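Worksheet: the structure to be examined is printed underneath.
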Number of protein chains: 2
Amino acid sequence: MELSGYLADVAADVDLAIHRHFGNPYGELAKASAHLLTAGGKRLRPAMLFLAADSVKRGSAFDLMPAALAVELIHSFTLIHDDIMDQDAERRGVPTVHTLWDEPTAILAGDVLYAQAFEFLCRTPAPDNARVRAVSLLARTCAEICDGQHLDMSFEAKEEVSEVEYLEMVRKKTGSLYAASASMGAILAGGKPMQADALYQFGLTTGIAFQIQDDLIDLTVPSSVSGKDRGSDLREGKKTLIAIRAHEKGIDLPRGNLSEEEVDRVVKDLEKAGIIADVRETAERILGTGKACLGVIPESPEKELLISLGDHFLARGS
Amino acid sequence: MELSGYLADVAADVDLAIHRHFGNPYGELAKASAHLLTAGGKRLRPAMLFLAADSVKRGSAFDLMPAALAVELIHSFTLIHDDIMDQDAERRGVPTVHTLWDEPTAILAGDVLYAQAFEFLCRTPAPDNARVRAVSLLARTCAEICDGQHLDMSFEAKEEVSEVEYLEMVRKKTGSLYAASASMGAILAGGKPMQADALYQFGLTTGIAFQIQDDLIDLTVPSSVSGKDRGSDLREGKKTLIAIRAHEKGIDLPRGNLSEEEVDRVVKDLEKAGIIADVRETAERILGTGKACLGVIPESPEKELLISLGDHFLARGS
C-alpha cells in the first residue's frame with residue numbers, strides 16, 4: 001500500500017470517530033472543545049500510533065482507535081492553549097478558540113480535552129499493564145510538551161539560543177508526542193519493551209525532523225503552495241535552526257515584514273552559505289538515527305510504511 | 001484518634017511528600033508549578049482518600065501517598081487556572097501564579113501539574129486493574145471540574161439561577177474531586193465496587209456540603225476568624241444557595257462594597273426569613289444522604305473518622 005492512500009484512510013477513520021464523539025456537542029464548553037478538533041488536521045500522530053502497533057503485531061491497530069484519539073486530543077489541547085499564549089487569531093483556516101469564545105473558555109476547553117484524552121486511553125481494549133504504561137507515558141509526554149512550549153516562549157526574550165537548546169525545545173515540543181504515539185502503539189499492541197523503546201526513538205526523530213522541515217518550508221515554499229504565511233519566522237525573529245546556523249556564520253537575518261523578493265534574497269544568501277543544505281542534512285541525519293533503531297522491528301509492509309512516514313515528513317514542501 | 005490530630009498528621013505527611021518532590025524546583029516553569037502547591041493547604045482531599053482506603057482495608061493507606069498527591073496536584077492545577085479566569089491576585093496568602101509570573105506561564109504551570117497528577121497515580125503501588133480504574137475516574141472527574149467551573153462563570157451573566165443549576169455546579173466543581181478522592185482510595189485499596197461507589201457518593205455529598213458551608217461562612221463569620229474577606233459573595237453578586245433562596249422569598253440582596261454593619265443587617269434579614277437555618281439544613285440533609293450510603297462499609301475507627309470529616313466540613317466557622 002502506498003503511504004498517501006494509507007494516510008488518507010487513517011484520516012478518514014479518525015475524522016469519523018471524532019465526528020461520532022465530538023460532532024454533536026452539547027453546551028458552549030463542549031462546542032469550544034470540539035471546534036479545532038473537528039476543523040480537520042492530517043491526523044499524523046494517530047497514523048504513527050497505528051503503524052507502530054501493526055509493525056509489532058499485524059492487525060492490532062484495528063482496536064486502538066481510542067488511543068489514537070487520545071494522542072489527537074492531546075495535540076488539540078496543546079494547540080488551544082498555545083494559541084492563547086501566542087495570541088494567535090487563526091489556525092487551520094478557522095478562528096482560534098479564544099477568539100471565537102474567550103480566554104477562560106479556551107483554557108477550560110483545552111483542559112477538558114486533556115481529561116478526555118486519558119479517558120479514551122483507559123477505554124482502549126488492551127491488557128491493564130499495557131494501559132498503565134501507556135497512561136504513564138502519555139502523562140510524562142504532556143509534561144514535556146509544556147516544558148517545550150515554555151522553552152520556545154523563553155527563546156523570544158533571549159539574545160542567543162544555541163543549537164543544543166533549540167534541539168531540546170523541538171524534541172520536547174514536537175518530538176515527544178510523535179515518540180509517545182509510536183511507543184504507545186507498540187505497548188498497547190503487546191510489543192516487547194525493546195520494540196516500544198525503538199519506536200519511541202524513531203517517533204522522536206520523525207518529530208524533530210518534521211519541525212526542522214517546517215522551518216525550511218517557512219522560508220523556501222511559496223505561501224500559495226504551503227498554505228502558510230511565507231517568511232513568518234523571519235518576521236517574528238524566530239530562533240529556528242536556520243537562524244542559529246546563520247548567526248554562527250555571521251549572517252544576520254532581517255526581521256519585520258518582508259516582501260516575497262526580500263525573502264527570496266535571504267534564501268539565496270542562505271543557500272550560498274550552504275546553510276539550507278546543511279540544515280536539511282541535519283534533519284536527514286537525525287531521522288537516520290531513528291530509522292537505525294528500527295532493526296528490532298521485523299520486516300513488514302507496515303514497517304515500510306512507517307519508514308515512508310518519516311521520509312514523508314522530510315519530503316513535504318520539496 | 002481524634003479528627004483534628006489525624007488531619008494534622010496527614011497534612012504533615014503530604015507536606016513532606018510535596019516538599020520532597022516539589023521543594024527544589026529547577027527552572028521557572030517548575031517554580032511556577034510548585035508555588036501554590038508548596039504554599040500550604042489543608043490537604044483535605046488526601047485525608048479523604050486515605051480514610052476511604054483504610055475504611056475498606058485497614059493499613060492500605062500507607063502505600064497510597066502517590067495517589068493522594070495526584071488529587072492534591074489536580075486541586076492545585078484547577079486553582080491556578082481558576083485564578084487566571086477569575087483574575088484573582090491572591091490565594092492562600094500569597095500572590096497567584098499569573099500575578100508572580102504571567103498568564104502563559106500560569107497556563108503551562110497548571111498543565112504540568114495536570115500531567116504529573118496522572119504520572120503519580122500510575123506510580124501508586126496497586127494492582128493494574130485498580131490503577132486503570134483510578135486513572136479513568138480521575139480523568140472523568142477533571143472533565144467534570146471544568147464543566148463546573150464553566151457553569152460557575154456562566155452564572156455571572158445569568159439573571160436567574162435555579163437551585164438545581166446551583167447544585168449541579170457545586171457537585172461538579174467541588175463535589176466531584178472529593179468523590180473521586182474517596183472512591184480512588186477504595187479502588188486502590190482493593191475495596192469492592194459497591195464500596196467504592198458508596199464512598200464516591202459520600203465524598204460527593206461532603207464536597208457539596210463543604211461549598212454550601214463556605215457560602216454561609218462568607219456571610220456569617222467575621223473576616224478576623226475565617227481569614228477570608230467577609231461578604232465577598234455579596235460584593236460580587238454571587239449566585240449562592242443563600243442568594244437563590246433569598247431571591248425566591250423576594251429578598252433582594254444588596255451588591256457592592258458593604259460595611260460590616262451592612263453585612264450584619266443582611267444576615268439579620270436572612271435569619272428572620274429563616275433562610276440561614278434552611279440553607280444549613282439543606283447542607284446537613286445532603287451530607288446525611290452521603291452518610292447513609294456508608295452502610296456497606298464495616299464499622300471501624302477509620303469509618304468513624306470519615307464521618308467526622310464530613311461533619312467537620314459543616315462545623316467549620318460555627
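Residues are named by chain letter and number: chains run A, B, ... in the order of the C-alpha cells, numbers start at 1 in each chain, and ligands are numbered from 1 in the order shown.
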Next on the checklist: Residues of chain A within 8 Å of chain B, counting only C-alpha atoms, what are they? List them as an NGL selection string.
Outcome noted: :A and (29 or 81 or 84-85 or 103-105 or 107-108 or 111-113 or 115-116 or 118-119 or 122 or 128-129 or 131-133 or 135-136 or 139-140 or 142-143 or 146-147 or 150)
Item to check | Neighbour list for A:Leu219 as a ChimeraX atom specification, cut-off 9 Å, only C-alpha atoms, skip fewer than 5 positions in-chain | outcome: /A:214,230-234,263-264,266-267
Checklist entry - Within 10 Å of stretch 175-181 of chain B, counting only C-alpha atoms, which residues qualify if same-chain residues fewer than 6 places away don't, as a ChimeraX atom specification? => result /B:44-53,67-68,70-72,74-75,134,137-145,148,167-169,187,196-211
Next on the checklist: If we count only C-alpha atoms and set the cut-off at 9 Å, which residues sit around B:Asp63, ignoring sequence neighbours fewer than 2 positions away in its own chain? Please answer as a PyMOL selection string.
Outcome noted: chain B and resi 59-61+65-67+124-126+189
With N, CA, C and O atoms retained, write the just-selected residues as a PDB file, in the first residue's frame.
```pdb
ATOM      1  N   GLY B  59      -4.830  -0.198  57.017  1.00  0.00           N
ATOM      2  CA  GLY B  59      -3.389  -0.280  56.744  1.00  0.00           C
ATOM      3  C   GLY B  59      -3.039  -0.037  55.290  1.00  0.00           C
ATOM      4  O   GLY B  59      -1.868   0.079  54.930  1.00  0.00           O
ATOM      5  N   SER B  60      -4.051   0.059  54.427  1.00  0.00           N
ATOM      6  CA  SER B  60      -3.755   0.197  52.999  1.00  0.00           C
ATOM      7  C   SER B  60      -3.358   1.626  52.626  1.00  0.00           C
ATOM      8  O   SER B  60      -2.704   1.851  51.605  1.00  0.00           O
ATOM      9  N   ALA B  61      -3.750   2.594  53.456  1.00  0.00           N
ATOM     10  CA  ALA B  61      -3.468   3.994  53.121  1.00  0.00           C
ATOM     11  C   ALA B  61      -1.977   4.261  53.018  1.00  0.00           C
ATOM     12  O   ALA B  61      -1.537   5.120  52.240  1.00  0.00           O
ATOM     13  N   MET B  65       0.314   7.289  49.103  1.00  0.00           N
ATOM     14  CA  MET B  65       0.733   8.695  49.002  1.00  0.00           C
ATOM     15  C   MET B  65       0.784   9.211  47.554  1.00  0.00           C
ATOM     16  O   MET B  65       0.331  10.328  47.285  1.00  0.00           O
ATOM     17  N   PRO B  66       1.290   8.418  46.581  1.00  0.00           N
ATOM     18  CA  PRO B  66       1.303   8.947  45.208  1.00  0.00           C
ATOM     19  C   PRO B  66      -0.105   9.308  44.702  1.00  0.00           C
ATOM     20  O   PRO B  66      -0.277  10.321  44.027  1.00  0.00           O
ATOM     21  N   ALA B  67      -1.091   8.499  45.071  1.00  0.00           N
ATOM     22  CA  ALA B  67      -2.467   8.803  44.645  1.00  0.00           C
ATOM     23  C   ALA B  67      -2.986  10.043  45.372  1.00  0.00           C
ATOM     24  O   ALA B  67      -3.708  10.863  44.800  1.00  0.00           O
ATOM     25  N   THR B 124       1.404   4.629  41.817  1.00  0.00           N
ATOM     26  CA  THR B 124       0.859   4.092  43.061  1.00  0.00           C
ATOM     27  C   THR B 124       0.973   2.570  43.080  1.00  0.00           C
ATOM     28  O   THR B 124       0.562   1.918  42.115  1.00  0.00           O
ATOM     29  N   PRO B 125       1.535   1.997  44.157  1.00  0.00           N
ATOM     30  CA  PRO B 125       1.614   0.544  44.208  1.00  0.00           C
ATOM     31  C   PRO B 125       0.227  -0.064  44.448  1.00  0.00           C
ATOM     32  O   PRO B 125      -0.289  -0.035  45.566  1.00  0.00           O
ATOM     33  N   ALA B 126      -0.366  -0.549  43.391  1.00  0.00           N
ATOM     34  CA  ALA B 126      -1.704  -1.150  43.442  1.00  0.00           C
ATOM     35  C   ALA B 126      -1.837  -2.020  42.205  1.00  0.00           C
ATOM     36  O   ALA B 126      -1.075  -1.847  41.242  1.00  0.00           O
ATOM     37  N   ALA B 189      -7.249   0.491  47.314  1.00  0.00           N
ATOM     38  CA  ALA B 189      -7.058  -0.377  48.479  1.00  0.00           C
ATOM     39  C   ALA B 189      -7.680  -1.752  48.277  1.00  0.00           C
ATOM     40  O   ALA B 189      -7.613  -2.607  49.160  1.00  0.00           O
TER      41      ALA B 189
END
```
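Excluding A:Glu159 itself and same-chain residues fewer than 3 positions from it, the residues having an atom within 12 Å of it are Ser154, Phe155, Glu156, Ser162, Gly237, Lys238, Lys239, Ile244 and His247 of chain A, counting only C-alpha atoms.
The two atoms in question, atom CA of B:Thr240 and atom CA of B:Asp215, are spaced 6.6 Å apart.
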Item to check | Which of stretch 115-277 of chain A DSSP labels alpha helix (DSSP H), written as a VMD selection string | outcome: chain A and resid 115 to 123 128 to 157 163 to 170 176 to 188 193 to 220 223 to 226 232 to 235 241 to 248 260 to 272 275 to 277
Item to check | stretch 60-156 of chain B: residues DSSP assigns to strand (DSSP E), reported as a list in words | outcome: Glu90, Arg91, Val94 and Pro95 of chain B
Deliver the residues from the most recent selection as a file, using N, CA, C and O atoms, as a PDB file, in the first residue's frame.
```
ATOM      1  N   GLU B  90      -4.624  37.044  44.687  1.00  0.00           N
ATOM      2  CA  GLU B  90      -4.063  36.402  45.868  1.00  0.00           C
ATOM      3  C   GLU B  90      -4.795  35.107  46.197  1.00  0.00           C
ATOM      4  O   GLU B  90      -5.984  34.966  45.942  1.00  0.00           O
ATOM      5  N   ARG B  91      -4.059  34.169  46.796  1.00  0.00           N
ATOM      6  CA  ARG B  91      -4.626  32.872  47.186  1.00  0.00           C
ATOM      7  C   ARG B  91      -3.715  32.306  48.273  1.00  0.00           C
ATOM      8  O   ARG B  91      -2.497  32.325  48.118  1.00  0.00           O
ATOM      9  N   VAL B  94      -0.661  34.207  49.390  1.00  0.00           N
ATOM     10  CA  VAL B  94       0.468  34.523  48.505  1.00  0.00           C
ATOM     11  C   VAL B  94      -0.080  34.985  47.151  1.00  0.00           C
ATOM     12  O   VAL B  94      -1.217  34.671  46.804  1.00  0.00           O
ATOM     13  N   PRO B  95       0.708  35.751  46.408  1.00  0.00           N
ATOM     14  CA  PRO B  95       0.242  36.181  45.079  1.00  0.00           C
ATOM     15  C   PRO B  95      -0.009  34.956  44.193  1.00  0.00           C
ATOM     16  O   PRO B  95       0.689  33.952  44.331  1.00  0.00           O
TER      17      PRO B  95
END
```
Next on the checklist: To one decimal place in Å, what is the distance between atom CA of A:Asp269 and atom CA of A:Asp229?
Outcome noted: 20.4 Å
Checklist entry - Which is closer to A:His312 than all the others in A:Gln213, A:Ile242, A:Ile276, A:Ala186, using only C-alpha atoms? => result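 Using only C-alpha atoms, A:His312 sits closest to A:Gln213.
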Checklist outcome for this item: Using only C-alpha atoms, the best pick from B:Gly93, B:Ile80, B:Val221, B:His21 as closest to B:Gly40 would be B:Gly93
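Interatomic distance, atom CA of A:Ala11 to atom CA of A:Gly288: 26.2 Å.
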